[in-house]
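Structure below is start-v6.csv: CSV, C-alpha atoms.
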chain,number,residue,atom,x,y,z
G,12,MET,CA,-53.7,-53.7,15.4
G,13,VAL,CA,-51.6,-50.8,16.5
G,14,ASP,CA,-52.1,-47.7,14.4
G,15,ARG,CA,-48.5,-46.7,13.7
G,16,SER,CA,-49.7,-43.5,12.1
G,17,LEU,CA,-50.2,-42.2,15.6
G,18,ILE,CA,-46.4,-42.1,16.2
G,19,GLY,CA,-45.3,-38.5,16.5
G,20,MET,CA,-48.6,-37.3,17.9
G,21,GLU,CA,-48.1,-34.7,20.7
G,22,GLY,CA,-49.9,-33.8,23.9
G,23,ASP,CA,-50.7,-30.3,25.0
G,24,SER,CA,-47.8,-28.1,26.0
G,25,VAL,CA,-48.3,-27.6,29.7
G,26,GLU,CA,-46.5,-25.2,32.1
G,27,PHE,CA,-45.9,-26.3,35.7
G,28,GLU,CA,-44.6,-24.3,38.6
G,29,VAL,CA,-42.7,-26.6,41.0
G,30,GLU,CA,-44.5,-26.0,44.3
G,31,LYS,CA,-43.0,-26.6,47.8
G,32,GLY,CA,-46.2,-28.2,49.0
G,33,ALA,CA,-46.3,-30.5,46.0
G,34,ILE,CA,-42.8,-31.7,46.8
G,35,ARG,CA,-43.6,-32.3,50.4
G,36,ARG,CA,-46.7,-34.2,49.7
G,37,PHE,CA,-45.0,-36.3,47.1
G,38,ALA,CA,-42.1,-37.2,49.5
G,39,GLN,CA,-44.7,-38.1,52.1
G,40,ALA,CA,-46.6,-40.3,49.6
G,41,ILE,CA,-43.6,-42.4,48.8
G,42,GLY,CA,-42.6,-42.5,52.5
G,43,ASP,CA,-39.3,-40.7,52.0
G,44,PRO,CA,-38.1,-38.8,55.2
G,45,ASN,CA,-35.1,-37.1,53.5
G,46,PRO,CA,-35.3,-33.5,54.9
G,47,VAL,CA,-34.1,-31.9,51.5
G,48,TYR,CA,-37.7,-32.5,50.4
G,49,THR,CA,-39.4,-30.8,53.3
G,50,ASP,CA,-37.0,-28.5,55.1
G,51,GLU,CA,-35.7,-25.5,53.1
G,52,ALA,CA,-32.7,-25.0,55.4
G,53,ALA,CA,-31.7,-28.7,54.9
G,54,ALA,CA,-32.1,-28.3,51.1
G,55,ARG,CA,-29.9,-25.2,51.2
G,56,ARG,CA,-27.2,-26.9,53.3
G,57,ALA,CA,-27.2,-29.6,50.6
G,58,GLY,CA,-26.5,-27.0,48.0
G,59,TYR,CA,-29.9,-26.4,46.5
G,60,SER,CA,-31.6,-23.0,46.1
G,61,GLY,CA,-34.8,-24.4,47.7
G,62,LEU,CA,-36.6,-27.7,48.3
G,63,VAL,CA,-35.4,-30.2,45.7
G,64,ALA,CA,-37.8,-32.8,44.1
G,65,PRO,CA,-37.3,-36.5,44.5
G,66,PRO,CA,-36.1,-38.4,41.4
G,67,THR,CA,-39.5,-39.6,40.3
G,68,PHE,CA,-41.3,-36.3,41.0
G,69,ALA,CA,-41.2,-35.4,37.3
G,70,THR,CA,-44.1,-37.9,37.0
G,71,THR,CA,-46.3,-35.2,38.5
G,72,PHE,CA,-45.9,-33.2,35.2
G,73,ASN,CA,-48.0,-35.8,33.4
G,74,ASP,CA,-50.9,-33.6,32.3
G,75,THR,CA,-49.3,-33.3,28.9
G,76,ALA,CA,-49.1,-37.2,28.7
G,77,TYR,CA,-52.7,-37.5,29.9
G,78,SER,CA,-53.8,-35.1,27.1
G,79,LEU,CA,-51.9,-37.3,24.6
G,80,ARG,CA,-53.3,-40.6,26.2
G,81,ALA,CA,-56.8,-39.3,25.8
G,82,ARG,CA,-56.2,-39.3,22.0
G,83,LEU,CA,-54.9,-42.8,21.9
G,84,PRO,CA,-57.1,-45.9,21.7
G,85,LEU,CA,-56.4,-47.1,25.3
G,86,ASP,CA,-58.8,-49.1,27.5
G,87,PHE,CA,-58.0,-48.2,31.1
G,88,LYS,CA,-59.1,-51.6,32.3
G,89,ARG,CA,-56.4,-53.2,30.2
G,90,ILE,CA,-53.4,-51.0,30.6
G,91,LEU,CA,-50.3,-51.4,32.7
G,92,HIS,CA,-47.2,-49.3,33.2
G,93,GLY,CA,-44.4,-51.3,31.7
G,94,GLU,CA,-41.3,-49.1,31.9
G,95,MET,CA,-40.2,-45.7,33.0
G,96,ALA,CA,-36.9,-43.9,32.4
G,97,PHE,CA,-35.7,-40.4,33.5
G,98,GLU,CA,-32.7,-38.4,32.3
G,99,TYR,CA,-31.8,-35.6,34.6
G,100,HIS,CA,-30.0,-32.5,33.2
G,101,GLN,CA,-30.6,-30.1,36.2
G,102,PRO,CA,-32.1,-30.6,39.6
G,103,ILE,CA,-35.8,-29.8,39.9
G,104,VAL,CA,-36.2,-27.2,42.7
G,105,ALA,CA,-39.1,-25.4,44.1
G,106,GLY,CA,-40.1,-22.2,42.3
G,107,MET,CA,-38.9,-23.5,38.9
G,108,LYS,CA,-41.3,-23.1,36.0
G,109,LEU,CA,-41.2,-26.0,33.5
G,110,ARG,CA,-42.9,-26.3,30.1
G,111,CYS,CA,-43.6,-30.0,29.4
G,112,ARG,CA,-44.7,-31.7,26.2
G,113,ALA,CA,-45.4,-35.3,25.6
G,114,LYS,CA,-44.9,-37.1,22.3
G,115,LEU,CA,-45.8,-40.6,21.2
G,116,ALA,CA,-42.3,-41.9,20.3
G,117,ASP,CA,-43.3,-45.4,19.4
G,118,ALA,CA,-46.2,-47.8,19.1
G,119,TYR,CA,-45.9,-51.5,18.4
G,120,GLU,CA,-47.3,-54.9,19.3
G,121,LYS,CA,-46.0,-58.2,20.4
G,122,PRO,CA,-47.7,-61.6,20.9
G,123,GLY,CA,-48.6,-62.2,24.6
G,124,LYS,CA,-50.1,-65.0,26.7
G,125,SER,CA,-53.7,-63.7,26.2
G,126,GLY,CA,-53.5,-62.3,22.7
G,127,SER,CA,-51.6,-59.5,21.2
G,128,MET,CA,-50.2,-56.8,23.5
G,129,GLU,CA,-49.9,-53.2,22.4
G,130,PHE,CA,-47.0,-51.0,23.5
G,131,TYR,CA,-47.2,-47.2,23.5
G,132,VAL,CA,-44.0,-45.2,24.3
G,133,ILE,CA,-44.6,-41.7,25.5
G,134,GLU,CA,-41.6,-39.3,25.8
G,135,ILE,CA,-41.8,-36.0,27.7
G,136,ALA,CA,-39.3,-33.2,27.6
G,137,GLY,CA,-39.3,-30.6,30.4
G,138,HIS,CA,-37.7,-27.2,29.6
G,139,GLU,CA,-37.2,-24.3,32.0
G,140,THR,CA,-39.8,-21.8,30.7
G,141,VAL,CA,-37.6,-18.7,30.8
G,142,SER,CA,-34.2,-20.0,29.7
G,143,GLY,CA,-35.5,-22.8,27.5
G,144,THR,CA,-32.9,-25.2,29.1
G,145,LEU,CA,-33.7,-28.9,29.1
G,146,VAL,CA,-34.3,-30.0,32.7
G,147,PHE,CA,-35.4,-33.5,32.3
G,148,ALA,CA,-36.6,-36.0,29.8
G,149,SER,CA,-38.7,-39.1,30.5
G,150,ARG,CA,-39.8,-42.2,28.5
G,151,SER,CA,-42.7,-44.2,29.6
G,152,THR,CA,-44.0,-47.4,28.1
G,153,VAL,CA,-47.7,-48.2,28.5
G,154,ILE,CA,-48.8,-51.8,27.8
G,155,MET,CA,-52.3,-52.7,26.8
G,156,ARG,CA,-53.0,-56.3,27.2
G,157,GLY,CA,-55.2,-58.2,24.7
L,266,MET,CA,-17.1,-40.4,46.2
L,267,SER,CA,-15.6,-43.5,44.7
L,268,LEU,CA,-17.5,-46.6,43.5
L,269,THR,CA,-16.0,-49.7,42.0
L,270,PRO,CA,-17.7,-52.4,39.8
L,271,GLY,CA,-19.3,-55.1,41.9
L,272,HIS,CA,-19.9,-52.8,44.9
L,273,ALA,CA,-23.2,-53.7,46.5
L,274,PHE,CA,-25.2,-50.9,48.2
L,275,PRO,CA,-26.9,-51.5,51.5
L,276,VAL,CA,-30.3,-53.1,51.1
L,277,HIS,CA,-33.3,-50.8,51.6
L,278,THR,CA,-36.6,-52.4,52.9
L,279,GLN,CA,-39.8,-50.4,53.0
L,280,GLY,CA,-43.4,-51.4,53.7
L,281,PRO,CA,-45.8,-52.9,54.0
L,282,ILE,CA,-47.6,-51.1,51.2
L,283,GLU,CA,-50.9,-49.8,52.6
L,284,ARG,CA,-54.1,-49.2,50.7
L,285,ILE,CA,-54.2,-45.6,52.0
L,286,GLN,CA,-50.7,-45.1,50.6
L,287,LEU,CA,-52.1,-45.9,47.1
L,288,VAL,CA,-54.7,-43.1,47.6
L,289,ARG,CA,-52.1,-40.7,49.0
L,290,TYR,CA,-49.8,-41.5,46.0
L,291,ALA,CA,-52.6,-41.0,43.6
L,292,GLY,CA,-53.2,-37.5,45.0
L,293,ALA,CA,-49.6,-36.5,45.2
L,294,SER,CA,-48.7,-37.7,41.8
L,295,GLY,CA,-51.9,-36.7,39.9
L,296,ASP,CA,-52.3,-40.3,38.6
L,297,PHE,CA,-55.9,-41.0,39.2
L,298,ASN,CA,-56.1,-44.3,37.3
L,299,PRO,CA,-58.9,-45.9,39.3
L,300,ILE,CA,-57.4,-49.4,39.1
L,301,HIS,CA,-55.1,-48.4,42.0
L,302,VAL,CA,-57.7,-46.9,44.3
L,303,ASP,CA,-61.2,-48.2,43.3
L,304,GLU,CA,-61.8,-51.8,44.3
L,305,THR,CA,-64.9,-52.1,42.2
L,306,PHE,CA,-63.1,-50.9,39.1
L,307,ALA,CA,-60.1,-53.2,39.8
L,308,LYS,CA,-62.4,-56.3,40.1
L,309,ALA,CA,-64.3,-55.3,36.9
L,310,ALA,CA,-60.9,-55.2,35.2
L,311,GLY,CA,-60.2,-58.8,36.4
L,312,TYR,CA,-57.9,-58.2,39.3
L,313,PRO,CA,-58.5,-59.6,42.8
L,314,THR,CA,-58.1,-56.1,44.4
L,315,VAL,CA,-56.3,-52.7,43.8
L,316,PHE,CA,-52.6,-52.7,43.4
L,317,ALA,CA,-49.7,-50.3,43.7
L,318,GLN,CA,-48.8,-47.8,41.1
L,319,GLY,CA,-45.6,-48.8,39.3
L,320,MET,CA,-44.4,-45.3,40.0
L,321,LEU,CA,-44.9,-45.8,43.7
L,322,THR,CA,-42.5,-48.7,43.5
L,323,MET,CA,-40.1,-46.6,41.5
L,324,GLY,CA,-40.4,-43.8,44.0
L,325,ILE,CA,-39.4,-46.2,46.8
L,326,LEU,CA,-36.5,-47.4,44.8
L,327,GLY,CA,-35.6,-43.8,44.1
L,328,ARG,CA,-35.4,-43.2,47.9
L,329,ALA,CA,-32.9,-46.0,48.1
L,330,LEU,CA,-31.0,-44.7,45.1
L,331,VAL,CA,-30.6,-41.2,46.5
L,332,GLY,CA,-29.3,-42.7,49.7
L,333,TRP,CA,-26.7,-44.8,47.7
L,334,ALA,CA,-25.7,-41.8,45.5
L,335,GLY,CA,-25.4,-39.6,48.7
L,336,ASP,CA,-27.0,-36.6,46.8
L,337,GLN,CA,-29.6,-36.9,44.1
L,338,GLY,CA,-27.8,-34.2,42.1
L,339,ARG,CA,-25.4,-36.9,41.2
L,340,ILE,CA,-28.1,-39.1,39.6
L,341,ARG,CA,-27.9,-38.7,35.8
L,342,SER,CA,-30.4,-41.2,34.8
L,343,PHE,CA,-32.8,-43.7,36.4
L,344,SER,CA,-35.0,-46.3,34.7
L,345,THR,CA,-37.2,-49.1,35.8
L,346,ARG,CA,-39.0,-52.0,34.1
L,347,PHE,CA,-42.0,-53.2,36.0
L,348,SER,CA,-42.3,-57.0,35.8
L,349,SER,CA,-44.8,-58.0,38.5
L,350,ILE,CA,-47.8,-56.4,40.3
L,351,VAL,CA,-47.2,-55.1,43.8
L,352,TRP,CA,-50.2,-55.9,46.1
L,353,PRO,CA,-51.2,-54.1,49.3
L,354,GLY,CA,-49.5,-55.6,52.3
L,355,GLU,CA,-46.3,-56.4,50.5
L,356,VAL,CA,-42.9,-55.3,51.9
L,357,LEU,CA,-40.5,-54.2,49.2
L,358,THR,CA,-36.7,-54.8,49.3
L,359,CYS,CA,-34.5,-52.6,47.1
L,360,LYS,CA,-31.1,-53.7,46.0
L,361,GLY,CA,-28.4,-52.0,44.0
L,362,ARG,CA,-25.0,-52.9,42.6
L,363,VAL,CA,-22.4,-51.1,40.6
L,364,SER,CA,-22.1,-52.9,37.2
L,365,ALA,CA,-19.5,-50.6,35.5
L,366,VAL,CA,-17.6,-47.4,36.0
L,367,GLN,CA,-16.7,-45.2,33.1
L,368,GLY,CA,-15.7,-41.5,32.8
L,369,GLY,CA,-16.5,-40.8,36.4
L,370,VAL,CA,-20.0,-42.3,36.1
L,371,ALA,CA,-21.0,-45.4,38.0
L,372,LYS,CA,-23.6,-47.6,36.2
L,373,CYS,CA,-25.8,-49.4,38.6
L,374,ASP,CA,-28.2,-52.4,38.3
L,375,LEU,CA,-31.2,-52.1,40.5
L,376,GLN,CA,-33.9,-54.5,41.7
L,377,VAL,CA,-37.0,-54.5,43.8
L,378,LEU,CA,-38.2,-57.7,45.4
L,379,ASN,CA,-41.6,-58.4,47.0
L,380,SER,CA,-42.3,-60.2,50.3
L,381,LYS,CA,-41.8,-63.6,48.6
L,382,GLY,CA,-38.5,-62.6,47.1
L,383,GLU,CA,-39.9,-62.3,43.6
L,384,VAL,CA,-38.5,-59.5,41.4
L,385,VAL,CA,-41.2,-56.9,40.8
L,386,ALA,CA,-39.0,-54.3,39.1
L,387,LYS,CA,-35.6,-54.2,37.6
L,388,GLY,CA,-33.8,-51.0,36.8
L,389,SER,CA,-30.6,-49.1,36.2
L,390,ALA,CA,-29.1,-45.8,37.1
L,391,GLU,CA,-26.1,-43.7,36.4
L,392,ILE,CA,-24.4,-41.9,39.3
L,393,ALA,CA,-21.8,-39.2,38.7
L,394,MET,CA,-19.1,-39.8,41.2
L,395,ASP,CA,-17.3,-36.4,41.2
L,396,THR,CA,-19.7,-33.7,40.3
L,397,ALA,CA,-22.8,-32.6,42.2
L,398,PRO,CA,-24.7,-29.4,41.3
As structure tokens - that is how I would like this structure written.
Amino acid sequence: MVDRSLIGMEGDSVEFEVEKGAIRRFAQAIGDPNPVYTDEAAARRAGYSGLVAPPTFATTFNDTAYSLRARLPLDFKRILHGEMAFEYHQPIVAGMKLRCRAKLADAYEKPGKSGSMEFYVIEIAGHETVSGTLVFASRSTVIMRG
Amino acid sequence: MSLTPGHAFPVHTQGPIERIQLVRYAGASGDFNPIHVDETFAKAAGYPTVFAQGMLTMGILGRALVGWAGDQGRIRSFSTRFSSIVWPGEVLTCKGRVSAVQGGVAKCDLQVLNSKGEVVAKGSAEIAMDTAP
């Protein structure tokens, strides 16, 4: 049974600095040759102040979610990533400092083929550290099969 | 830019997904779930072998989406639902289509298919047509 009293539980508040090298390595890992991720001159020509991060780069700010997940009753042999959603409020560019915090937004269960499946919905908000402006929000659904 | 409902974007094909790419993605993303990189762990969990991170599939779809939007600053939202496992060796095909246009924003339906033509992920995105940062 899913313990719904866990809803609202938060992860650690973690500050990230968006690093050029991290953007380059991420673009290489997903096989994306777009020069705005690797070449600062190309990024500036595209209107950004520096290297810009690919749309799914915010997944690298997951330490806050891992700290939350460690407090949830998850068995890593049985979990799958069910869904992921991002909302973008500002482009994420190199040099930015972001404060990120995860929260368990929902927890529920549904019958599945091999027993009950548990769903844990983790939301993360990323705010620019200095200005406090919301930069991105994400919503990730982790499924634990029965 | 101007997009109209029903517009189909050019198909993006990428792959095959290589095992070393799963390791590289684990390092770059910070997701060290062993099920994607440790064959022994994956087998103990009941899988025939390691498989791709859902977020790697979404990253590849994101590459296609940025190409379709012309500039990622136009992308307002991007979501994906993972429906099937992506195994090493598979070639992924990303498709996108404008489903609706409202208030200068194009809503798009997205799909990723595996080598057999099965849907492995479905998604949606909102692209702002007029304003880029």
_Just to confirm, what's the straight-line distance from CA of Trp352 in chain L to CA of Pro275 in chain L in Å (one decimal)?_
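Taking CA of Trp352 in chain L and CA of Pro275 in chain L, their separation equals 24.3 Å.
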_chain G contacts on chain L, only C-alpha atoms, 7 Å, as a PyMOL selection string_ = chain L and resi 286+289-290+293-295+310+319+321+324-325+327-328+338+341-347
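Counting from CA of Pro353 in chain L, the distance to CA of Ala291 in chain L is 14.4 Å.
Computed from the coordinates, the CA of Val331 in chain L to CA of Arg112 in chain G distance equals 26.5 Å.
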_Given all atoms listed in the file as the counted atoms, nearest of G:Arg156, G:Tyr131, G:Asp117, G:Gly126 to Asp86 in chain G_ = G:Arg156
*asked:* Show me, as a PyMOL selection string, the residues that have an atom within 7 Å of range 104-110 of chain G when counting all atoms listed in the file, minus same-chain residues fewer than 2 positions from it.
replied: chain G and resi 24-31+61-64+102+112+137-140
*Could you tell me which of G:Asp23, G:Asp14, G:Glu51, G:Glu129 comes closest to Lys114 in chain G if we count only C-alpha atoms?*
G:Asp23
*Excluding same-chain residues fewer than 2 positions from Asp303 in chain L, what lies within 12 Å of it counting only C-alpha atoms, as a list in words?*
Lys88 of chain G; Arg284, Ile285, Leu287, Val288, Ala291, Phe297, Asn298, Pro299, Ile300, His301, Thr305, Phe306, Ala307, Lys308, Ala309, Ala310, Tyr312, Pro313, Thr314, Val315, Phe316 and Ala317 of chain L
_When you look at range 384-396 of chain L with a cut-off of 10 Å (counting all atoms listed in the file), what residues show up, excluding the ones that are within fewer than 4 positions of it in the same chain? I need them as an NGL selection string._
(:G and (93-98)) or (:L and (266-268 or 319 or 322-323 or 326-327 or 330-331 or 333-351 or 357-380))
Should you be able to, write range 48-65 of chain G of this structure into a file that contains N, CA and C atoms, as an mmCIF file, in the first residue's frame.
data_model
loop_
_atom_site.group_PDB
_atom_site.id
_atom_site.type_symbol
_atom_site.label_atom_id
_atom_site.label_comp_id
_atom_site.auth_asym_id
_atom_site.auth_seq_id
_atom_site.Cartn_x
_atom_site.Cartn_y
_atom_site.Cartn_z
ATOM 1 N N TYR G 48 25.223 24.472 -27.884
ATOM 2 C CA TYR G 48 25.549 23.754 -26.644
ATOM 3 C C TYR G 48 27.053 23.644 -26.406
ATOM 4 N N THR G 49 27.836 23.943 -27.458
ATOM 5 C CA THR G 49 29.276 23.712 -27.331
ATOM 6 C C THR G 49 30.129 24.927 -27.691
ATOM 7 N N ASP G 50 29.597 25.832 -28.507
ATOM 8 C CA ASP G 50 30.388 26.930 -29.050
ATOM 9 C C ASP G 50 29.780 28.261 -28.575
ATOM 10 N N GLU G 51 30.543 28.956 -27.721
ATOM 11 C CA GLU G 51 29.983 30.171 -27.115
ATOM 12 C C GLU G 51 29.627 31.234 -28.148
ATOM 13 N N ALA G 52 30.428 31.327 -29.210
ATOM 14 C CA ALA G 52 30.133 32.335 -30.246
ATOM 15 C C ALA G 52 28.806 32.002 -30.923
ATOM 16 N N ALA G 53 28.578 30.707 -31.181
ATOM 17 C CA ALA G 53 27.317 30.295 -31.816
ATOM 18 C C ALA G 53 26.133 30.572 -30.894
ATOM 19 N N ALA G 54 26.329 30.336 -29.584
ATOM 20 C CA ALA G 54 25.248 30.594 -28.619
ATOM 21 C C ALA G 54 24.924 32.085 -28.573
ATOM 22 N N ARG G 55 25.974 32.927 -28.622
ATOM 23 C CA ARG G 55 25.744 34.381 -28.585
ATOM 24 C C ARG G 55 25.046 34.851 -29.860
ATOM 25 N N ARG G 56 25.444 34.267 -30.998
ATOM 26 C CA ARG G 56 24.770 34.624 -32.256
ATOM 27 C C ARG G 56 23.282 34.259 -32.197
ATOM 28 N N ALA G 57 22.960 33.218 -31.442
ATOM 29 C CA ALA G 57 21.561 32.790 -31.317
ATOM 30 C C ALA G 57 20.807 33.617 -30.266
ATOM 31 N N GLY G 58 21.516 34.557 -29.629
ATOM 32 C CA GLY G 58 20.845 35.467 -28.703
ATOM 33 C C GLY G 58 20.981 35.124 -27.234
ATOM 34 N N TYR G 59 21.863 34.181 -26.911
ATOM 35 C CA TYR G 59 22.047 33.795 -25.511
ATOM 36 C C TYR G 59 23.328 34.408 -24.958
ATOM 37 N N SER G 60 23.383 34.577 -23.638
ATOM 38 C CA SER G 60 24.551 35.203 -23.019
ATOM 39 C C SER G 60 25.733 34.240 -22.949
ATOM 40 N N GLY G 61 25.489 32.975 -23.139
ATOM 41 C CA GLY G 61 26.544 31.962 -23.102
ATOM 42 C C GLY G 61 25.956 30.658 -23.581
ATOM 43 N N LEU G 62 26.693 29.562 -23.366
ATOM 44 C CA LEU G 62 26.170 28.255 -23.792
ATOM 45 C C LEU G 62 24.798 28.047 -23.169
ATOM 46 N N VAL G 63 23.867 27.584 -23.973
ATOM 47 C CA VAL G 63 22.509 27.333 -23.481
ATOM 48 C C VAL G 63 22.364 25.825 -23.284
ATOM 49 N N ALA G 64 21.516 25.443 -22.346
ATOM 50 C CA ALA G 64 21.368 24.025 -22.018
ATOM 51 C C ALA G 64 20.259 23.391 -22.855
ATOM 52 N N PRO G 65 20.453 22.136 -23.305
ATOM 53 C CA PRO G 65 19.388 21.431 -24.029
ATOM 54 C C PRO G 65 18.111 21.301 -23.176
#
